[in-house]
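Just start-v9.txt here, compact mmCIF, C-alpha atoms and all ligand atoms:
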```txt
# COMPACT_ATOMS: atom_id res chain seq x y z
CA MET A 287 304.89 39.82 191.29
CA ASN A 288 307.99 38.96 189.23
CA ILE A 289 306.79 36.57 186.55
CA LEU A 290 308.90 34.49 184.18
CA VAL A 291 307.09 34.07 180.87
CA THR A 292 308.58 31.31 178.74
CA GLY A 293 307.60 31.70 175.08
CA GLY A 294 306.75 35.33 175.87
CA ALA A 295 307.68 36.59 172.39
CA GLY A 296 305.02 34.36 170.79
CA TYR A 297 301.40 35.06 169.93
CA ILE A 298 299.66 34.37 173.25
CA GLY A 299 302.78 35.08 175.32
CA SER A 300 303.22 38.63 173.98
CA HIS A 301 299.59 39.53 174.70
CA THR A 302 299.97 38.06 178.17
CA CYS A 303 303.10 40.18 178.75
CA VAL A 304 300.95 43.24 177.97
CA ALA A 305 298.24 42.10 180.40
CA LEU A 306 300.79 41.32 183.15
CA LEU A 307 302.58 44.66 182.77
CA GLU A 308 299.29 46.54 182.73
CA ALA A 309 298.28 44.73 185.92
CA GLY A 310 301.49 45.98 187.58
CA HIS A 311 303.61 42.81 187.44
CA SER A 312 307.25 42.68 186.34
CA VAL A 313 307.99 40.44 183.38
CA ILE A 314 311.04 38.37 182.48
CA VAL A 315 310.79 36.60 179.11
CA ALA A 316 312.70 33.46 178.08
CA ASP A 317 312.28 32.58 174.41
CA ASN A 318 314.55 31.05 171.78
CA LEU A 319 312.67 32.88 168.98
CA CYS A 320 312.14 29.63 167.04
CA ASN A 321 308.63 30.86 166.14
CA SER A 322 308.75 34.56 166.98
CA LYS A 323 310.75 37.77 166.65
CA ALA A 324 312.50 39.85 169.29
CA ASP A 325 310.90 43.05 167.97
CA THR A 326 307.53 41.79 169.26
CA LEU A 327 308.85 42.51 172.74
CA ASP A 328 309.78 46.07 171.67
CA LYS A 329 306.17 46.45 170.57
CA VAL A 330 304.97 45.17 173.95
CA LYS A 331 307.16 47.83 175.58
CA ARG A 332 305.67 50.48 173.24
CA ILE A 333 302.12 49.45 174.07
CA THR A 334 302.67 49.43 177.82
CA ASN A 335 305.47 51.96 178.22
CA LYS A 336 307.13 49.47 180.58
CA GLU A 337 310.35 47.48 180.51
CA ILE A 338 310.84 43.71 180.00
CA THR A 339 313.94 41.65 180.72
CA PHE A 340 314.59 39.27 177.84
CA TYR A 341 316.70 36.09 177.74
CA GLU A 342 317.16 34.53 174.31
CA ILE A 343 317.51 30.95 175.54
CA ASP A 344 316.13 27.52 174.85
CA VAL A 345 314.18 26.46 177.93
CA THR A 346 315.14 22.82 177.42
CA ASP A 347 318.65 24.01 178.41
CA GLU A 348 318.76 23.47 182.17
CA ALA A 349 321.89 25.57 182.80
CA ALA A 350 320.43 28.51 180.86
CA VAL A 351 317.14 28.35 182.77
CA ASP A 352 319.02 28.06 186.05
CA ARG A 353 320.85 31.31 185.25
CA VAL A 354 317.54 33.14 184.83
CA PHE A 355 316.29 31.88 188.20
CA SER A 356 319.55 32.80 189.89
CA ASN A 357 319.40 36.34 188.45
CA HIS A 358 315.84 37.12 189.58
CA HIS A 359 313.63 36.56 192.57
CA LEU A 360 310.65 34.98 190.80
CA ASP A 361 307.13 34.68 192.21
CA GLY A 362 305.70 32.59 189.40
CA VAL A 363 306.12 31.15 185.92
CA ILE A 364 303.80 31.04 182.93
CA HIS A 365 305.04 28.34 180.61
CA PHE A 366 303.99 29.04 177.01
CA ALA A 367 307.15 27.82 175.27
CA GLY A 368 306.32 24.96 172.97
CA LEU A 369 305.87 23.89 169.38
CA LYS A 370 302.25 23.99 168.27
CA ALA A 371 301.72 22.96 164.66
CA VAL A 372 299.49 19.90 164.61
CA GLY A 373 300.45 18.69 161.11
CA GLU A 374 304.17 19.23 161.68
CA SER A 375 303.95 17.22 164.91
CA VAL A 376 302.81 14.18 162.92
CA GLU A 377 305.89 14.51 160.70
CA LYS A 378 308.34 15.36 163.49
CA PRO A 379 307.15 13.56 166.62
CA ILE A 380 310.59 13.49 168.25
CA ALA A 381 311.00 17.26 167.96
CA TYR A 382 307.54 17.81 169.45
CA TYR A 383 307.81 15.35 172.32
CA TYR A 384 311.35 16.49 173.10
CA ASN A 385 310.70 20.22 173.03
CA ASN A 386 307.31 20.27 174.71
CA ILE A 387 307.98 17.66 177.41
CA VAL A 388 311.61 18.43 178.22
CA SER A 389 310.93 22.19 178.43
CA THR A 390 308.13 21.57 180.93
CA LEU A 391 310.25 19.20 183.02
CA VAL A 392 313.24 21.55 183.06
CA VAL A 393 311.24 24.63 184.00
CA VAL A 394 309.20 22.93 186.73
CA LYS A 395 312.30 21.20 188.14
CA ILE A 396 314.09 24.51 188.50
CA CYS A 397 310.96 26.06 190.01
CA GLN A 398 311.17 23.38 192.69
CA GLU A 399 314.87 24.00 193.27
CA TYR A 400 314.31 27.75 193.72
CA ASN A 401 311.06 27.32 195.66
CA VAL A 402 308.99 29.13 193.03
CA LYS A 403 305.54 27.77 193.71
CA ARG A 404 303.18 29.35 191.18
CA PHE A 405 303.14 27.63 187.80
CA VAL A 406 300.70 28.23 184.94
CA PHE A 407 300.72 25.80 182.01
CA SER A 408 299.44 26.36 178.44
CA SER A 409 297.23 23.39 177.73
CA SER A 410 294.68 23.01 175.00
CA ALA A 411 291.08 21.97 174.43
CA THR A 412 292.58 19.34 172.15
CA VAL A 413 293.07 17.13 175.26
CA TYR A 414 289.28 16.54 175.37
CA GLY A 415 289.48 14.67 172.07
CA ASP A 416 286.08 13.95 170.54
CA ASN A 417 284.03 14.33 173.75
CA THR A 418 280.46 15.62 173.84
CA VAL A 419 280.17 19.43 173.84
CA PRO A 420 280.31 21.54 175.88
CA PHE A 421 283.62 20.34 177.28
CA VAL A 422 283.80 20.40 181.09
CA GLU A 423 287.01 20.17 183.14
CA THR A 424 285.76 17.04 184.95
CA MET A 425 285.43 14.99 181.74
CA ASN A 426 287.64 12.01 181.11
CA LEU A 427 290.14 12.96 178.44
CA LEU A 428 290.06 11.11 175.13
CA PRO A 429 293.05 10.43 172.89
CA THR A 430 294.05 13.26 170.60
CA THR A 431 294.88 12.50 166.98
CA ASN A 432 298.44 13.84 166.90
CA PRO A 433 301.72 14.08 168.85
CA TYR A 434 301.17 17.79 169.57
CA GLY A 435 297.93 17.03 171.41
CA GLU A 436 299.61 14.20 173.31
CA THR A 437 302.35 16.55 174.52
CA LYS A 438 299.64 18.66 176.18
CA ALA A 439 297.92 15.65 177.76
CA ILE A 440 301.27 14.31 179.01
CA GLY A 441 302.30 17.77 180.26
CA GLU A 442 299.10 17.92 182.31
CA ARG A 443 299.76 14.47 183.81
CA ILE A 444 303.37 15.31 184.70
CA LEU A 445 302.32 18.53 186.44
CA THR A 446 299.48 16.79 188.28
CA ASP A 447 301.90 14.20 189.67
CA ILE A 448 304.35 16.93 190.67
CA ALA A 449 301.62 18.84 192.51
CA LYS A 450 300.64 15.64 194.35
CA ALA A 451 304.21 15.02 195.46
CA ASN A 452 304.81 18.67 196.42
CA PRO A 453 301.74 20.06 198.16
CA ALA A 454 303.28 23.53 198.28
CA PHE A 455 303.06 23.86 194.49
CA SER A 456 300.16 25.84 193.00
CA ILE A 457 299.64 24.75 189.41
CA SER A 458 297.02 25.95 186.93
CA LEU A 459 296.43 23.98 183.75
CA LEU A 460 294.74 26.33 181.31
CA ARG A 461 292.93 24.68 178.42
CA TYR A 462 292.69 27.23 175.64
CA PHE A 463 290.01 26.89 173.01
CA ASN A 464 290.67 28.65 169.65
CA PRO A 465 292.63 31.87 170.25
CA VAL A 466 292.18 34.53 167.55
CA GLY A 467 292.32 38.32 167.29
CA ALA A 468 295.09 40.71 168.16
CA HIS A 469 295.87 43.67 170.39
CA GLU A 470 293.76 46.68 169.40
CA SER A 471 296.92 48.69 168.63
CA GLY A 472 297.47 46.41 165.63
CA LEU A 473 301.11 46.11 166.72
CA ILE A 474 301.12 42.50 167.92
CA GLY A 475 299.12 39.52 166.66
CA GLU A 476 299.45 36.13 165.06
CA ALA A 477 301.98 35.91 162.24
CA PRO A 478 302.41 32.25 161.28
CA ASN A 479 305.33 31.17 159.11
CA GLY A 480 304.34 29.95 155.64
CA ILE A 481 300.79 28.98 154.77
CA PRO A 482 298.62 29.15 157.90
CA ASN A 483 297.07 25.95 159.27
CA ASN A 484 294.54 27.74 161.42
CA LEU A 485 291.30 29.25 160.20
CA MET A 486 291.49 32.92 161.24
CA PRO A 487 294.98 33.64 159.87
CA TYR A 488 293.97 31.86 156.67
CA ILE A 489 290.83 34.02 156.34
CA SER A 490 292.89 37.18 157.01
CA GLN A 491 295.43 36.27 154.35
CA VAL A 492 292.67 35.58 151.81
CA ALA A 493 291.19 38.99 152.65
CA LYS A 494 294.61 40.56 152.09
CA GLY A 495 294.93 38.85 148.70
CA LYS A 496 297.94 36.79 149.80
CA LEU A 497 295.94 33.58 149.39
CA LYS A 498 293.28 33.08 146.72
CA LYS A 499 290.46 31.38 148.57
CA LEU A 500 289.67 29.66 151.81
CA ARG A 501 289.14 25.93 151.65
CA VAL A 502 286.38 24.98 154.06
CA PHE A 503 287.13 21.49 155.32
CA GLY A 504 283.80 19.67 155.11
CA ASN A 505 280.16 20.79 155.24
CA ASP A 506 278.63 17.46 156.23
CA TYR A 507 279.20 17.55 159.99
CA SER A 508 276.20 17.40 162.23
CA THR A 509 276.37 21.10 163.14
CA VAL A 510 274.27 24.20 162.48
CA ASP A 511 275.37 24.48 158.81
CA GLY A 512 277.47 21.33 158.38
CA THR A 513 280.83 23.08 158.90
CA GLY A 514 283.03 22.63 161.97
CA VAL A 515 282.10 24.52 165.14
CA ARG A 516 284.74 26.05 167.41
CA ASP A 517 284.94 28.30 170.47
CA PHE A 518 286.94 31.28 169.20
CA ILE A 519 288.38 33.39 172.00
CA HIS A 520 289.98 36.81 171.70
CA VAL A 521 293.66 36.59 172.59
CA VAL A 522 293.37 39.66 174.84
CA ASP A 523 290.67 37.89 176.90
CA LEU A 524 292.88 34.81 176.99
CA ALA A 525 295.82 36.91 178.20
CA GLU A 526 293.68 38.34 181.00
CA GLY A 527 292.72 34.79 181.96
CA HIS A 528 296.39 34.19 182.79
CA VAL A 529 296.56 37.21 185.07
CA ALA A 530 293.37 36.00 186.80
CA ALA A 531 294.84 32.50 187.15
CA LEU A 532 298.03 33.88 188.73
CA ASP A 533 296.14 36.20 191.06
CA ASN A 534 293.82 33.47 192.30
CA ILE A 535 296.13 30.49 192.29
CA THR A 536 295.96 28.22 195.33
CA GLU A 537 297.86 25.10 196.35
CA GLY A 538 297.32 21.94 194.35
CA VAL A 539 296.48 21.53 190.69
CA HIS A 540 293.56 23.36 189.11
CA ILE A 541 292.21 23.00 185.60
CA TYR A 542 290.38 25.80 183.78
CA ASN A 543 288.81 26.04 180.36
CA LEU A 544 289.57 29.40 178.79
CA GLY A 545 286.88 29.81 176.16
CA THR A 546 283.74 31.88 175.63
CA GLY A 547 281.29 28.99 175.89
CA GLN A 548 279.92 29.94 172.43
CA GLY A 549 280.31 27.79 169.34
CA THR A 550 280.76 29.47 165.93
CA SER A 551 280.85 27.55 162.67
CA VAL A 552 283.48 28.02 159.97
CA ILE A 553 280.93 29.66 157.67
CA GLU A 554 279.60 31.84 160.49
CA LEU A 555 283.14 33.06 161.13
CA VAL A 556 283.65 33.84 157.44
CA LYS A 557 280.39 35.84 157.37
CA ALA A 558 281.27 37.67 160.60
CA PHE A 559 284.68 38.60 159.13
CA GLU A 560 283.07 39.90 155.94
CA GLU A 561 280.51 41.96 157.86
CA ALA A 562 282.94 43.30 160.45
CA ASN A 563 285.48 44.41 157.87
CA GLY A 564 283.41 45.06 154.74
CA ILE A 565 285.59 42.73 152.72
CA GLU A 566 284.80 39.57 150.79
CA VAL A 567 286.37 36.22 151.64
CA PRO A 568 286.00 33.78 148.73
CA TYR A 569 285.78 30.15 149.75
CA GLU A 570 285.12 26.67 148.44
CA ILE A 571 283.97 23.54 150.21
CA VAL A 572 286.47 20.68 150.12
CA ASP A 573 286.82 17.34 151.92
CA ARG A 574 287.04 17.06 155.68
CA ARG A 575 290.54 17.50 157.16
CA PRO A 576 291.73 14.26 158.79
CA GLY A 577 291.74 14.44 162.59
CA ASP A 578 289.14 17.24 162.84
CA ILE A 579 286.15 16.90 165.12
CA ALA A 580 282.70 18.37 164.42
CA SER A 581 282.30 20.60 167.46
CA CYS A 582 284.51 21.97 170.21
CA TYR A 583 283.34 24.55 172.72
CA ALA A 584 283.80 25.16 176.39
CA ASP A 585 281.73 25.10 179.49
CA ALA A 586 283.46 28.23 180.77
CA SER A 587 281.64 28.45 184.11
CA LYS A 588 284.47 27.20 186.36
CA ALA A 589 286.85 30.02 185.39
CA LYS A 590 284.05 32.51 186.02
CA ARG A 591 283.20 31.00 189.39
CA GLU A 592 286.71 30.49 190.72
CA LEU A 593 288.80 33.12 188.92
CA GLY A 594 286.16 35.78 188.33
CA TRP A 595 287.19 35.70 184.66
CA THR A 596 284.98 35.71 181.57
CA ALA A 597 285.71 36.49 177.94
CA LYS A 598 284.40 39.92 176.93
CA HIS A 599 285.05 40.23 173.20
CA ASP A 600 282.53 38.99 170.62
CA VAL A 601 283.30 37.31 167.31
CA LYS A 602 283.03 40.57 165.35
CA SER A 603 285.66 42.28 167.45
CA MET A 604 287.90 39.22 167.05
CA CYS A 605 287.50 39.60 163.26
CA ARG A 606 288.14 43.36 163.32
CA ASP A 607 291.28 43.01 165.42
CA SER A 608 292.66 40.09 163.40
CA TRP A 609 292.19 42.08 160.21
CA ARG A 610 293.74 45.29 161.61
CA PHE A 611 296.86 43.33 162.54
CA GLU A 612 297.04 41.49 159.20
CA LYS A 613 296.62 44.73 157.21
CA ASN A 614 299.50 46.41 159.09
CA TYR A 615 301.78 43.38 159.23
CA LYS A 616 304.92 43.37 157.11
CA GLU A 617 307.04 40.22 156.99
P1 LIG B 701 303.79 30.67 169.46
O1 LIG B 701 304.54 29.73 168.60
O2 LIG B 701 303.42 31.99 168.87
O3 LIG B 701 304.59 30.93 170.81
C1 LIG B 701 305.41 29.97 171.42
C2 LIG B 701 306.73 30.64 171.75
O4 LIG B 701 307.58 29.67 172.39
C3 LIG B 701 307.47 31.14 170.52
O5 LIG B 701 307.87 32.48 170.72
C4 LIG B 701 308.70 30.21 170.40
O6 LIG B 701 309.80 30.88 169.85
C5 LIG B 701 308.89 29.81 171.85
N1 LIG B 701 309.53 28.51 172.07
C6 LIG B 701 309.20 27.29 171.58
N2 LIG B 701 310.03 26.34 172.06
C7 LIG B 701 310.90 26.97 172.88
C8 LIG B 701 312.00 26.54 173.67
N3 LIG B 701 312.37 25.25 173.73
N4 LIG B 701 312.68 27.46 174.40
C9 LIG B 701 312.33 28.77 174.36
N5 LIG B 701 311.31 29.23 173.63
C10 LIG B 701 310.61 28.35 172.90
O7 LIG B 701 302.49 29.90 169.99
P2 LIG B 701 301.23 30.45 170.78
O8 LIG B 701 300.05 30.34 169.88
O9 LIG B 701 301.54 31.73 171.42
O10 LIG B 701 301.08 29.29 171.86
C11 LIG B 701 301.63 29.42 173.17
C12 LIG B 701 301.35 28.14 173.94
O11 LIG B 701 299.94 27.92 173.98
C13 LIG B 701 301.96 26.89 173.31
O12 LIG B 701 302.40 26.03 174.34
C14 LIG B 701 300.79 26.28 172.57
O13 LIG B 701 300.93 24.89 172.42
C15 LIG B 701 299.64 26.62 173.49
N6 LIG B 701 298.34 26.66 172.81
C16 LIG B 701 298.19 27.42 171.69
C17 LIG B 701 296.95 27.43 171.04
C18 LIG B 701 296.76 28.21 169.76
O14 LIG B 701 295.83 27.90 169.02
N7 LIG B 701 297.56 29.22 169.47
C19 LIG B 701 295.88 26.70 171.55
C20 LIG B 701 296.09 25.95 172.71
C21 LIG B 701 297.32 25.93 173.33
C1 LIG B 702 289.14 25.44 163.01
C2 LIG B 702 288.04 24.97 162.06
C3 LIG B 702 288.77 23.33 160.46
C4 LIG B 702 291.53 25.93 158.28
C5 LIG B 702 293.84 23.77 166.32
C6 LIG B 702 294.58 22.72 167.10
C7 LIG B 702 294.27 22.85 168.56
C8 LIG B 702 294.53 24.27 169.05
C9 LIG B 702 293.87 25.30 168.19
C10 LIG B 702 296.74 24.39 169.87
C11 LIG B 702 288.05 23.47 161.81
C12 LIG B 702 288.35 24.61 159.77
C13 LIG B 702 290.60 25.44 159.18
C14 LIG B 702 291.16 26.06 156.91
C15 LIG B 702 288.96 25.24 157.46
N1 LIG B 702 295.92 24.60 168.98
N2 LIG B 702 289.34 25.11 158.78
N3 LIG B 702 289.88 25.71 156.56
O1 LIG B 702 291.75 22.46 164.41
O2 LIG B 702 290.08 23.62 165.94
O3 LIG B 702 292.45 23.61 166.53
O4 LIG B 702 294.21 25.07 166.80
O5 LIG B 702 296.57 23.83 170.91
O6 LIG B 702 295.07 21.93 169.20
O7 LIG B 702 294.17 21.45 166.62
O8 LIG B 702 291.73 24.99 164.66
O9 LIG B 702 291.85 26.92 163.16
O10 LIG B 702 292.88 24.73 162.42
O11 LIG B 702 290.40 24.93 162.56
O12 LIG B 702 287.83 24.93 157.09
O13 LIG B 702 291.95 26.47 156.06
O14 LIG B 702 288.27 25.58 160.79
O15 LIG B 702 288.37 22.22 159.71
O16 LIG B 702 286.71 23.07 161.68
P1 LIG B 702 291.43 23.55 165.33
P2 LIG B 702 291.80 25.43 163.15
```
Please rewrite the model in this file as C-alpha cells.
Amino acid sequence: MNILVTGGAGYIGSHTCVALLEAGHSVIVADNLCNSKADTLDKVKRITNKEITFYEIDVTDEAAVDRVFSNHHLDGVIHFAGLKAVGESVEKPIAYYYNNIVSTLVVVKICQEYNVKRFVFSSSATVYGDNTVPFVETMNLLPTTNPYGETKAIGERILTDIAKANPAFSISLLRYFNPVGAHESGLIGEAPNGIPNNLMPYISQVAKGKLKKLRVFGNDYSTVDGTGVRDFIHVVDLAEGHVAALDNITEGVHIYNLGTGQGTSVIELVKAFEEANGIEVPYEIVDRRPGDIASCYADASKAKRELGWTAKHDVKSMCRDSWRFEKNYKE
C-alpha cells in the first residue's frame, strides 16, 4: 500500500516508517519538523535501504496537504502529526487545540475528497483519565487534566462522527500507553528538546551525566512500592501495531489499546535500567506531580484478538535500547 505518514519524522512516526517499509509498503511523509529533524528520515532509509518521499509541510495547511494527495495514489493515512507536551499544553492551549484538531480535520477532510478510506489516528491512554486499571476500550472516558489530553479525546469524537456519517471509512483509534525504547540500530529514538518531561528520557540523560538526578514524583500512591505505575511499551512493538492496524482495518471505527498489559513502577523501571545497562541512576523522592494518576496499564487483549498483535519486548530490552540511542545521540 501507499501510506501517507503525517509526523513521520518524529519519534513514533520514524519507527513506524521503518516497520511499514520492512512490511513492503511505500511511505510518503508529511512533517513540518517542528519537533523533529529531516536527517531522521535519512536514518530510516539507512536502516531499511528503501526510499521515502518527504514533504516538509504543515498539515494544518489544506492546500499543501491537497498537493500531496494529488501527487500520489494513497491507500491510507497514519496521522501522527501533533504537539504532545502535557505541561506546555496547559500554557499554550490555543496552539495545542489549533494544531492537533485542525490537522486532524484537514487530513481527514482531504481523505474524504480523494476517497482514501483507511485512517489510523494516534490517540493516547490519557483519554481514560483516572479510571480503574486495567483500562479497557469499552470504558467510559473520564476527563483528562490538560488541553493535550483533551485534543486526543476530541480527535477521537470527531473521527467517530465522521465514520458514522461515511460508512465507507475505516478508522482505527490507537491508544498508546507509554512508548519508550528505540530502534536496535541506535540510529533513531526519542530526542526531546530541553529538559525531558517523560520518565525514560530523563533516566537516560541522568545515566549519561547530562542531568544530575532523577526526581521521583511521589512514593505515597497505592501501588506496589508507592511510586506511579505505567505500561511501558517498546516503540518498535508500537510501530508494528500500526502495520497490524492497517492490514486488518475494516469499515467503521475501531479502538485499540497498544500496551503490554503489564504495569511497571517508576522505581522498578529505574532498577531495570540499572541492571540492564550496568549503570547507576541516582534519584530522590519529591512531591507528586500535579495531574498524575497512580496507575495506568492496558487490557491489551482486543488488539491481540482482532489484529493478531502483541508487544514482544520486555522492560529490560526497552531500557537497553533507550540507553544505546542516548549514548550515541549527538545534539
Ligand atoms: P513527536 O513530537 O516526536 O512527533 C510528532 C511529529 O509531528 C513531529 O515530527 C512534528 O514535527 C510533527 N508535527 C507536529 N505538528 C505538525 C503539523 N501541524 N504539521 C506537520 N507536522 C507536524 O511525537 P511522538 O512521540 O512521535 O508522537 C506521535 C503522536 O503520538 C502524537 O500525535 C502524540 O500526541 C501521540 N502520542 C504520543 C505518546 C508519547 O508518549 N510519545 C503517547 C500517546 C500518544
Ligand atoms: C511516567 C511516570 C511520573 C518524570 C505522559 C502523558 C501521556 C502520554 C505519555 C502522550 C509518572 C513519573 C516522570 C520524572 C517521575 N503522552 N516521573 N519523574 O505522565 O504517564 O504520560 O506521556 O500521549 O499523555 O501524560 O508519562 O513519562 O511523564 O511519567 O517520577 O522526571 O514517571 O510521575 O508516574 P505519563 P511520564
### Query
When distances are computed from all atoms listed in the file, which of A:Tyr400, A:Phe559, A:Trp595, A:Tyr569 shows the smallest separation from A:Ala530?
A:Trp595
### Query
atom C21 of ligand LIG 701 (chain B) to atom CA of A:Val521: how many Å, to one decimal?
11.3 Å
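Using only C-alpha atoms and all ligand atoms, we find that the residues with an atom at most 6 Å from any atom of ligand LIG 702 (chain B) are Lys370, Val372, Ser410, Thr412, Asn464, Asn483, Asn484, Leu485, Tyr488, Leu500, Arg501, Val502, Phe503, Gly514, Val515, Val552, Arg575 and Asp578 of chain A.
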### Task
Write out as number ranges by chain each polymer residue (protein, DNA or RNA) that has an atom no more than 8 Å from ligand LIG 701 (chain B), with all atoms listed in the file counted.
A: 292-300, 316-323, 342-347, 365-370, 385-386, 389, 407-412, 434, 438, 461-466, 476-478, 484
### Task
Please provide as a VMD selection string all residues within 12 Å of A:Glu442, with the sequence filter that same-chain residues fewer than 6 positions apart are discarded (counting only C-alpha atoms).
chain A and resid 386 to 387 390 to 391 405 to 411 413 427 435 to 436 448 to 449 457 to 461 539 to 542
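The shell of residues at most 9 Å from A:Phe611, with only C-alpha atoms counted and near chain neighbours (fewer than 2 positions) removed, consists of A:Gly467, A:Ala468, A:His469, A:Glu470, A:Ser471, A:Gly472, A:Leu473, A:Ile474, A:Gly475, A:Glu476, A:Arg606, A:Asp607, A:Ser608, A:Trp609, A:Lys613, A:Asn614, A:Tyr615.
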Prev. selection, C-alpha atoms, output as a PDB file, in the coordinates of the input:
```pdb
ATOM      1  CA  GLY A 467     292.320  38.320 167.290  1.00  0.00           C
ATOM      2  CA  ALA A 468     295.090  40.710 168.160  1.00  0.00           C
ATOM      3  CA  HIS A 469     295.870  43.670 170.390  1.00  0.00           C
ATOM      4  CA  GLU A 470     293.760  46.680 169.400  1.00  0.00           C
ATOM      5  CA  SER A 471     296.920  48.690 168.630  1.00  0.00           C
ATOM      6  CA  GLY A 472     297.470  46.410 165.630  1.00  0.00           C
ATOM      7  CA  LEU A 473     301.110  46.110 166.720  1.00  0.00           C
ATOM      8  CA  ILE A 474     301.120  42.500 167.920  1.00  0.00           C
ATOM      9  CA  GLY A 475     299.120  39.520 166.660  1.00  0.00           C
ATOM     10  CA  GLU A 476     299.450  36.130 165.060  1.00  0.00           C
ATOM     11  CA  ARG A 606     288.140  43.360 163.320  1.00  0.00           C
ATOM     12  CA  ASP A 607     291.280  43.010 165.420  1.00  0.00           C
ATOM     13  CA  SER A 608     292.660  40.090 163.400  1.00  0.00           C
ATOM     14  CA  TRP A 609     292.190  42.080 160.210  1.00  0.00           C
ATOM     15  CA  LYS A 613     296.620  44.730 157.210  1.00  0.00           C
ATOM     16  CA  ASN A 614     299.500  46.410 159.090  1.00  0.00           C
ATOM     17  CA  TYR A 615     301.780  43.380 159.230  1.00  0.00           C
TER      18      TYR A 615
END
```
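Residue nearest A:Gly577 within the list A:Lys336, A:Thr302, A:Thr430, A:Val351: A:Thr430 [criterion: smallest interatomic distance, all atoms listed in the file].
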For stretch 576-595 of chain A, I'd like the enclosing box, axis-aligned and padded by 3 Å on every side, reported as lines of an AutoDock Vina configuration file with centre and edge lengths in Å to one decimal.
```
center_x = 286.7
center_y = 25.0
center_z = 174.8
size_x = 16.1
size_y = 27.5
size_z = 37.9
```
### Message
I need the residue nearest A:Leu290 from this list: A:Tyr507, A:Phe340, A:Tyr384, A:Tyr583. Use only C-alpha atoms for the distance.
### Response
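Distance minimum relative to A:Leu290 lands on A:Phe340.
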### Query
Got a sec: who's within 12 Å of A:Lys498, counting all atoms listed in the file, leaving out chain neighbours fewer than 6 positions off, as number ranges by chain?
A: 481, 488-492, 566-570
Selection: 12 Å around A:Glu561, only C-alpha atoms, excl. self and same-chain fewer than 3 positions, as a CSV table (one decimal) with C-alpha atoms, in the frame of the given file:
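Okay, selection.csv is ready:
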```
chain,number,residue,atom,x,y,z
A,554,GLU,CA,279.6,31.8,160.5
A,555,LEU,CA,283.1,33.1,161.1
A,556,VAL,CA,283.6,33.8,157.4
A,557,LYS,CA,280.4,35.8,157.4
A,558,ALA,CA,281.3,37.7,160.6
A,564,GLY,CA,283.4,45.1,154.7
A,565,ILE,CA,285.6,42.7,152.7
A,566,GLU,CA,284.8,39.6,150.8
A,567,VAL,CA,286.4,36.2,151.6
A,601,VAL,CA,283.3,37.3,167.3
A,602,LYS,CA,283.0,40.6,165.4
A,603,SER,CA,285.7,42.3,167.4
A,605,CYS,CA,287.5,39.6,163.3
A,606,ARG,CA,288.1,43.4,163.3
A,609,TRP,CA,292.2,42.1,160.2
```
### Query
Between A:Lys331, A:Glu537, A:Pro429, A:Lys496, which one has atoms that come closest to A:Asn417, using only C-alpha atoms?
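Going through A:Lys331, A:Glu537, A:Pro429, A:Lys496 one by one, the smallest distance to A:Asn417 is for A:Pro429.
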### Message
If we count only C-alpha atoms and set the cut-off at 12 Å, which residues sit around A:Ala580, ignoring sequence neighbours fewer than 5 positions away in its own chain? Please answer as a ChimeraX atom specification.
### Response
/A:415-419,503-517,549-552,574-575
Residue rebuild result stretch 299-310 of chain A, N, CA and C atoms as a PDB file, in the coordinates of the input:
```pdb
ATOM      1  N   GLY A 299     301.839  34.569 174.320  1.00  0.00           N
ATOM      2  CA  GLY A 299     302.780  35.080 175.320  1.00  0.00           C
ATOM      3  C   GLY A 299     302.915  36.593 175.272  1.00  0.00           C
ATOM      4  N   SER A 300     303.012  37.165 174.068  1.00  0.00           N
ATOM      5  CA  SER A 300     303.220  38.630 173.980  1.00  0.00           C
ATOM      6  C   SER A 300     301.990  39.372 174.494  1.00  0.00           C
ATOM      7  N   HIS A 301     300.798  38.879 174.175  1.00  0.00           N
ATOM      8  CA  HIS A 301     299.590  39.530 174.700  1.00  0.00           C
ATOM      9  C   HIS A 301     299.500  39.380 176.215  1.00  0.00           C
ATOM     10  N   THR A 302     299.997  38.256 176.713  1.00  0.00           N
ATOM     11  CA  THR A 302     299.970  38.060 178.170  1.00  0.00           C
ATOM     12  C   THR A 302     300.984  38.972 178.846  1.00  0.00           C
ATOM     13  N   CYS A 303     302.130  39.205 178.191  1.00  0.00           N
ATOM     14  CA  CYS A 303     303.100  40.180 178.750  1.00  0.00           C
ATOM     15  C   CYS A 303     302.422  41.534 178.900  1.00  0.00           C
ATOM     16  N   VAL A 304     301.662  41.948 177.879  1.00  0.00           N
ATOM     17  CA  VAL A 304     300.950  43.240 177.970  1.00  0.00           C
ATOM     18  C   VAL A 304     300.012  43.231 179.177  1.00  0.00           C
ATOM     19  N   ALA A 305     299.229  42.165 179.297  1.00  0.00           N
ATOM     20  CA  ALA A 305     298.240  42.100 180.400  1.00  0.00           C
ATOM     21  C   ALA A 305     298.937  42.101 181.760  1.00  0.00           C
ATOM     22  N   LEU A 306     300.053  41.379 181.866  1.00  0.00           N
ATOM     23  CA  LEU A 306     300.790  41.320 183.150  1.00  0.00           C
ATOM     24  C   LEU A 306     301.351  42.696 183.503  1.00  0.00           C
ATOM     25  N   LEU A 307     301.976  43.339 182.513  1.00  0.00           N
ATOM     26  CA  LEU A 307     302.580  44.660 182.770  1.00  0.00           C
ATOM     27  C   LEU A 307     301.509  45.670 183.136  1.00  0.00           C
ATOM     28  N   GLU A 308     300.368  45.589 182.429  1.00  0.00           N
ATOM     29  CA  GLU A 308     299.290  46.540 182.730  1.00  0.00           C
ATOM     30  C   GLU A 308     298.687  46.283 184.107  1.00  0.00           C
ATOM     31  N   ALA A 309     298.789  45.047 184.574  1.00  0.00           N
ATOM     32  CA  ALA A 309     298.280  44.730 185.920  1.00  0.00           C
ATOM     33  C   ALA A 309     299.318  45.043 187.006  1.00  0.00           C
ATOM     34  N   GLY A 310     300.490  45.550 186.598  1.00  0.00           N
ATOM     35  CA  GLY A 310     301.490  45.980 187.580  1.00  0.00           C
ATOM     36  C   GLY A 310     302.551  44.946 187.917  1.00  0.00           C
TER      37      GLY A 310
END
```
